[in-house]
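So this one's target.csv, CSV, C-alpha atoms:
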chain,number,residue,atom,x,y,z
A,1,MET,CA,42.5,15.2,87.4
A,2,LEU,CA,41.0,12.6,85.1
A,3,VAL,CA,37.7,12.8,87.0
A,4,CYS,CA,37.6,16.5,86.7
A,5,ALA,CA,38.6,16.4,83.1
A,6,THR,CA,35.7,14.1,82.2
A,7,GLN,CA,33.2,15.9,84.4
A,8,LEU,CA,34.3,19.5,84.1
A,9,ALA,CA,30.9,21.0,84.7
A,10,GLY,CA,30.5,18.9,87.9
A,11,CYS,CA,33.8,20.2,89.2
A,12,PHE,CA,32.8,23.8,89.2
A,13,PRO,CA,31.0,23.9,92.6
A,14,VAL,CA,34.2,22.7,94.3
A,15,ILE,CA,36.1,25.6,92.7
A,16,ALA,CA,33.4,28.1,93.6
A,17,GLY,CA,33.2,26.8,97.1
A,18,ALA,CA,36.9,27.4,97.6
A,19,MET,CA,36.5,30.9,96.3
A,20,GLY,CA,33.9,31.6,99.0
A,21,THR,CA,35.9,30.4,101.9
A,22,GLY,CA,38.1,33.4,102.0
A,23,VAL,CA,35.2,35.8,102.6
A,24,ALA,CA,33.2,33.6,105.0
A,25,MET,CA,33.7,36.2,107.8
A,26,ALA,CA,32.1,39.0,105.8
A,27,THR,CA,28.5,38.2,106.6
A,28,ASP,CA,28.9,35.5,109.3
A,29,ARG,CA,26.4,36.3,112.0
A,30,ARG,CA,28.5,34.6,114.7
A,31,PRO,CA,30.7,37.0,116.8
A,32,ALA,CA,34.3,36.6,116.0
A,33,ALA,CA,35.0,35.0,119.3
A,34,THR,CA,32.3,32.4,118.7
A,35,GLN,CA,33.8,31.6,115.3
A,36,THR,CA,37.2,31.1,117.0
A,37,VAL,CA,35.6,28.8,119.6
A,38,ASP,CA,33.9,26.8,116.9
A,39,ARG,CA,37.1,26.2,115.0
A,40,GLY,CA,39.0,25.1,118.1
A,41,LEU,CA,36.1,22.9,119.2
A,42,GLN,CA,36.0,21.2,115.9
A,43,LEU,CA,39.7,20.6,115.8
A,44,GLU,CA,39.9,19.3,119.3
A,45,ALA,CA,36.9,16.9,118.8
A,46,GLU,CA,38.2,15.6,115.5
A,47,ASN,CA,41.7,15.0,116.6
A,48,THR,CA,40.7,13.2,119.8
A,49,ILE,CA,38.0,11.1,118.2
A,50,ASN,CA,40.3,10.1,115.3
A,51,SER,CA,43.0,9.1,117.7
A,52,ARG,CA,40.8,7.4,120.4
A,53,TYR,CA,38.5,5.5,118.1
A,54,SER,CA,40.7,4.7,115.1
A,55,GLY,CA,39.4,1.7,113.4
A,56,GLN,CA,36.2,1.8,115.4
A,57,ALA,CA,34.5,4.8,114.0
A,58,ARG,CA,34.7,7.3,111.1
A,59,VAL,CA,33.3,10.6,112.5
A,60,ASN,CA,32.8,13.9,110.8
A,61,VAL,CA,32.5,16.8,113.3
A,62,THR,CA,30.7,19.9,112.2
A,63,VAL,CA,30.5,22.9,114.5
A,64,PHE,CA,28.5,26.1,114.1
A,65,ASN,CA,27.5,28.5,117.0
A,66,ARG,CA,28.9,25.9,119.5
A,67,LYS,CA,26.4,23.3,118.1
A,68,VAL,CA,28.2,20.1,117.3
A,69,LEU,CA,26.9,17.7,114.7
A,70,LEU,CA,28.4,14.2,114.5
A,71,THR,CA,27.9,12.3,111.3
A,72,GLY,CA,29.5,9.1,109.9
A,73,GLU,CA,29.7,5.6,111.3
A,74,ALA,CA,30.5,3.7,114.5
A,75,SER,CA,31.3,0.0,114.6
A,76,ASN,CA,28.7,-0.6,117.4
A,77,ASP,CA,26.2,1.3,119.6
A,78,THR,CA,28.6,1.4,122.5
A,79,VAL,CA,31.2,3.3,120.5
A,80,LYS,CA,28.5,5.6,119.2
A,81,GLN,CA,27.4,6.6,122.7
A,82,GLN,CA,31.0,6.9,123.9
A,83,VAL,CA,31.8,9.4,121.1
A,84,GLU,CA,28.7,11.4,122.0
A,85,GLN,CA,29.5,11.4,125.7
A,86,TYR,CA,33.1,12.6,125.0
A,87,VAL,CA,31.8,15.5,122.9
A,88,ARG,CA,29.1,16.5,125.5
A,89,GLY,CA,31.9,16.7,128.0
A,90,LEU,CA,33.8,19.4,126.1
A,91,GLN,CA,33.5,22.8,127.8
A,92,ASN,CA,32.4,24.8,124.8
A,93,ALA,CA,29.9,22.3,123.3
A,94,ARG,CA,26.4,23.9,123.7
A,95,VAL,CA,24.4,21.2,121.8
A,96,VAL,CA,25.4,17.8,120.5
A,97,ILE,CA,23.5,16.1,117.7
A,98,ASN,CA,24.5,12.5,117.2
A,99,GLU,CA,23.7,11.3,113.7
A,100,LEU,CA,26.2,8.5,113.7
A,101,GLU,CA,25.1,5.2,112.1
A,102,VAL,CA,26.1,1.8,113.3
A,103,VAL,CA,27.3,0.5,109.9
A,104,ASN,CA,30.5,-0.1,108.0
A,105,SER,CA,32.4,2.9,106.7
A,106,PRO,CA,31.6,4.0,103.2
A,107,GLY,CA,34.2,3.6,100.4
A,108,PHE,CA,36.3,6.5,98.9
A,109,MET,CA,33.8,7.2,96.1
A,110,THR,CA,31.0,7.7,98.6
A,111,GLN,CA,33.0,10.2,100.5
A,112,SER,CA,34.1,12.0,97.3
A,113,GLN,CA,30.5,12.3,96.2
A,114,ASP,CA,29.6,13.8,99.6
A,115,ALA,CA,32.3,16.4,99.3
A,116,TYR,CA,31.1,17.3,95.8
A,117,LEU,CA,27.5,17.7,97.0
A,118,THR,CA,28.6,19.9,99.9
A,119,SER,CA,30.4,22.2,97.4
A,120,LYS,CA,27.4,22.2,95.0
A,121,VAL,CA,24.9,23.1,97.8
A,122,LYS,CA,27.3,25.9,99.1
A,123,THR,CA,27.4,27.4,95.6
A,124,LEU,CA,23.6,27.2,95.2
A,125,LEU,CA,23.2,29.0,98.5
A,126,MET,CA,25.7,31.7,97.6
A,127,THR,CA,23.8,32.6,94.5
A,128,ALA,CA,20.2,32.2,95.9
A,129,GLU,CA,18.2,35.3,96.9
A,130,GLY,CA,17.2,35.7,100.5
A,131,VAL,CA,19.8,33.2,101.9
A,132,PRO,CA,22.6,34.3,104.2
A,133,SER,CA,25.0,31.7,102.9
A,134,ASN,CA,27.9,32.7,105.0
A,135,SER,CA,25.8,32.2,108.1
A,136,ILE,CA,25.0,28.7,107.1
A,137,LYS,CA,27.2,25.6,107.5
A,138,VAL,CA,26.8,22.7,105.1
A,139,THR,CA,27.9,19.1,105.5
A,140,THR,CA,26.9,16.0,103.7
A,141,GLU,CA,26.9,12.3,104.7
A,142,LYS,CA,25.8,9.6,102.2
A,143,SER,CA,24.0,12.2,100.1
A,144,VAL,CA,22.1,13.6,103.1
A,145,VAL,CA,22.7,17.3,103.4
A,146,TYR,CA,22.8,18.8,106.9
A,147,LEU,CA,22.3,22.6,107.4
A,148,LEU,CA,23.4,24.5,110.5
A,149,GLY,CA,23.4,28.3,110.9
A,150,VAL,CA,21.9,31.4,112.4
A,151,VAL,CA,18.8,32.3,110.3
A,152,THR,CA,15.2,33.5,110.4
A,153,ALA,CA,12.5,30.9,109.8
A,154,ALA,CA,12.0,32.3,106.3
A,155,GLU,CA,15.7,32.1,105.5
A,156,GLY,CA,15.9,28.6,106.8
A,157,ASP,CA,13.0,27.5,104.7
A,158,ARG,CA,14.5,29.1,101.6
A,159,ALA,CA,17.9,27.5,102.2
A,160,THR,CA,16.3,24.1,102.7
A,161,ASP,CA,14.3,24.5,99.5
A,162,VAL,CA,17.5,25.3,97.6
A,163,ALA,CA,19.5,22.4,99.1
A,164,ARG,CA,16.8,19.8,98.6
A,165,ASN,CA,16.6,20.6,94.9
A,166,ALA,CA,20.3,20.0,94.2
A,167,SER,CA,20.7,17.0,92.0
A,168,GLY,CA,22.1,14.0,93.9
A,169,VAL,CA,20.8,15.2,97.3
A,170,THR,CA,18.5,12.5,98.8
A,171,LYS,CA,17.5,14.3,102.0
A,172,VAL,CA,18.0,17.6,103.8
A,173,VAL,CA,18.2,17.9,107.6
A,174,LYS,CA,17.8,21.3,109.3
A,175,ALA,CA,19.7,22.0,112.5
A,176,PHE,CA,19.4,25.8,112.5
A,177,ASP,CA,19.5,28.3,115.4
A,178,TYR,CA,16.5,30.6,114.6
A,179,VAL,CA,16.4,34.4,115.3
A,180,ASN,CA,13.6,37.0,114.7
A,181,ASP,CA,14.0,39.8,112.2
A,182,THR,CA,15.0,42.3,114.8
A,183,GLU,CA,17.9,40.1,116.0
A,184,ARG,CA,18.8,39.3,112.4
A,185,ALA,CA,19.2,43.0,111.6
A,186,ARG,CA,21.3,43.5,114.7
A,187,LEU,CA,23.6,40.6,113.9
A,188,ASP,CA,24.0,41.7,110.2
A,189,SER,CA,24.8,45.2,111.3
A,190,ALA,CA,27.4,44.1,113.7
A,191,SER,CA,28.9,41.8,111.1
A,192,SER,CA,29.0,44.5,108.4
A,193,SER,CA,30.7,47.0,110.7
A,194,GLN,CA,33.5,44.5,111.6
A,195,ASN,CA,34.2,42.8,108.3
A,196,PRO,CA,34.7,43.9,104.7
A,197,SER,CA,32.1,43.3,102.0
A,198,PHE,CA,32.5,40.9,99.1
A,199,ASP,CA,31.3,41.4,95.6
A,200,GLY,CA,32.9,38.4,93.9
A,201,ASN,CA,31.1,36.3,91.3
A,202,VAL,CA,30.9,32.6,92.0
A,203,GLY,CA,29.3,31.6,88.7
A,204,THR,CA,26.1,29.7,87.8
A,205,PRO,CA,24.6,27.1,90.2
A,206,ALA,CA,23.6,23.6,89.1
A,207,PRO,CA,19.9,23.2,88.0
A,208,VAL,CA,17.3,22.7,90.8
A,209,GLN,CA,13.7,21.6,90.9
A,210,SER,CA,10.8,23.6,92.1
A,211,VAL,CA,9.2,21.8,95.0
A,212,PRO,CA,7.0,22.6,98.0
A,213,GLY,CA,8.9,23.9,101.0
A,214,VAL,CA,8.6,21.7,104.1
A,215,GLY,CA,10.7,21.6,107.3
A,216,GLY,CA,13.2,19.0,108.5
A,217,PRO,CA,14.7,16.2,106.4
A,218,VAL,CA,12.9,15.6,103.2
A,219,ASP,CA,13.3,13.1,100.4
A,220,ALA,CA,14.6,14.7,97.2
A,221,PRO,CA,14.4,12.1,94.4
A,222,ALA,CA,16.3,12.8,91.2
A,223,GLY,CA,13.2,12.3,89.0
A,224,ALA,CA,10.3,14.8,89.0
A,225,ALA,CA,6.6,13.8,88.9
A,226,ALA,CA,4.5,15.8,86.6
A,227,GLY,CA,1.0,17.1,87.5
A,228,THR,CA,1.8,18.5,91.0
A,229,THR,CA,1.4,22.2,91.7
A,230,ALA,CA,3.4,24.2,94.2
A,231,THR,CA,4.4,27.8,94.8
A,232,THR,CA,8.0,28.6,95.6
A,233,SER,CA,10.4,31.5,95.7
A,234,PRO,CA,12.3,32.2,92.5
A,235,VAL,CA,15.5,30.2,91.9
A,236,ALA,CA,18.5,31.3,89.8
A,237,ALA,CA,18.6,28.1,87.7
A,238,PRO,CA,16.4,26.1,85.3
A,239,VAL,CA,13.6,24.2,87.0
A,240,THR,CA,11.7,21.0,86.3
A,241,ALA,CA,8.2,19.9,87.2
A,242,PRO,CA,7.6,20.0,91.0
A,243,VAL,CA,7.4,16.8,93.0
A,244,THR,CA,5.5,16.1,96.3
A,245,LEU,CA,7.8,15.2,99.1
A,246,PRO,CA,6.9,14.0,102.6
A,247,PRO,CA,7.6,16.3,105.6
A,248,GLY,CA,10.4,15.3,108.1
A,249,ARG,CA,11.9,16.5,111.3
A,250,SER,CA,14.2,19.3,112.3
A,251,LEU,CA,17.1,18.7,114.6
A,252,PRO,CA,17.5,20.8,117.8
Conversion result in structure tokens:
Amino acid sequence: MLVCATQLAGCFPVIAGAMGTGVAMATDRRPAATQTVDRGLQLEAENTINSRYSGQARVNVTVFNRKVLLTGEASNDTVKQQVEQYVRGLQNARVVINELEVVNSPGFMTQSQDAYLTSKVKTLLMTAEGVPSNSIKVTTEKSVVYLLGVVTAAEGDRATDVARNASGVTKVVKAFDYVNDTERARLDSASSSQNPSFDGNVGTPAPVQSVPGVGGPVDAPAGAAAGTTATTSPVAAPVTAPVTLPPGRSLP
């Protein structure tokens, strides 16, 4: 409570993110059956890994469209590979992305900051134009934001641009499943016919910078360098001078 009292503005994205969870089904492009499978897969993997590798690994499991992302730490490379092999053996795991680091586990404050950044990015995506926020999954590890979801290439680039400009984010990694516009329209139509719409207001997002859009993980320094030009889509927040960031990679 004391932290929130002294950083009230910073606590808002957490509240807004909580508001959005109740309507996540409304525009989720995954079929209802796939959403159920994803939840079960995540719970099964988390519970087993936490029990089997307690004290040897701290693993965050994120699942979207049967794609499993593993982030966190393992005490050694053997444990890292064992965790991956276990998840690959699960019946419903379609793709496994192993981003575990062989390092010591971070402290509580690091994990708290990651949770805060996840909520902030979710809020920014919910208020950004051209971003299907409920079809995108966000998770953060040591200030690196990972994005999973079912999107078109343009939507994925827009979501990446929004996330990379959130203050505190050091890198963005894309792990999207891409669809064309025809498939996007079909999925949105199916989702709209099965789920109620939502017109709630989530508030004002945190400020973001205007930067060139590039794919994969990209550095997002807090400071902005003047004198660099770039053209980007509009953002619903104040902007600062753009900075030049190196291109990175996209996960499968």
Looking at only C-alpha atoms, which of A:Ala128, A:Thr71, A:Asn76, A:Gly156 is the one that sits closest to Asp114 in chain A?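 Answer, going by the shortest atom-to-atom distance: A:Thr71.
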Computed interatomic separation between CA of Val121 in chain A and CA of Ala175 in chain A (Å): 15.6 Å
Counting only C-alpha atoms, what is within 6 Å of Ala57 in chain A, bar same-chain residues fewer than 3 positions away, as an NGL selection string? :A and (53 or 73-75)
Determine the nearest neighbour of Glu84 in chain A from the options A:Glu44, A:Asp177, A:Glu99, A:Glu183, counting only C-alpha atoms. A:Glu99
Find, counting only C-alpha atoms, the residue in A:Ala93, A:Val83, A:Leu69, A:Leu187 that gets nearest to Gly40 in chain A. A:Ala93
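Considering all atoms listed in the file, the residue among A:Lys142, A:Lys80, A:Arg52, A:Arg58 positioned nearest to Ser112 in chain A is A:Lys142.
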For CA of Leu117 in chain A and CA of Arg29 in chain A, the interatomic separation in Å (one decimal):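 We find that CA of Leu117 in chain A and CA of Arg29 in chain A lie 23.9 Å from each other.
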Atomic distance CA of Asn104 in chain A - CA of Val87 in chain A, expressed in Å with one decimal: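 According to the coordinates, CA of Asn104 in chain A and CA of Val87 in chain A are separated by 21.6 Å.
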Which one is closest to Ala32 in chain A: A:Asn65, A:Val59, A:Ala163, A:Asn47? Count all atoms listed in the file.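 Closest residue, counting all atoms listed in the file: A:Asn65.
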Compare A:Val103, A:Ala115, A:Ala166, A:Ala159 by their minimum atom-to-atom distance to Gly130 in chain A, counting only C-alpha atoms, and give me the closest one.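 Looking at the shortest contact to Gly130 in chain A, the residue is A:Ala159.
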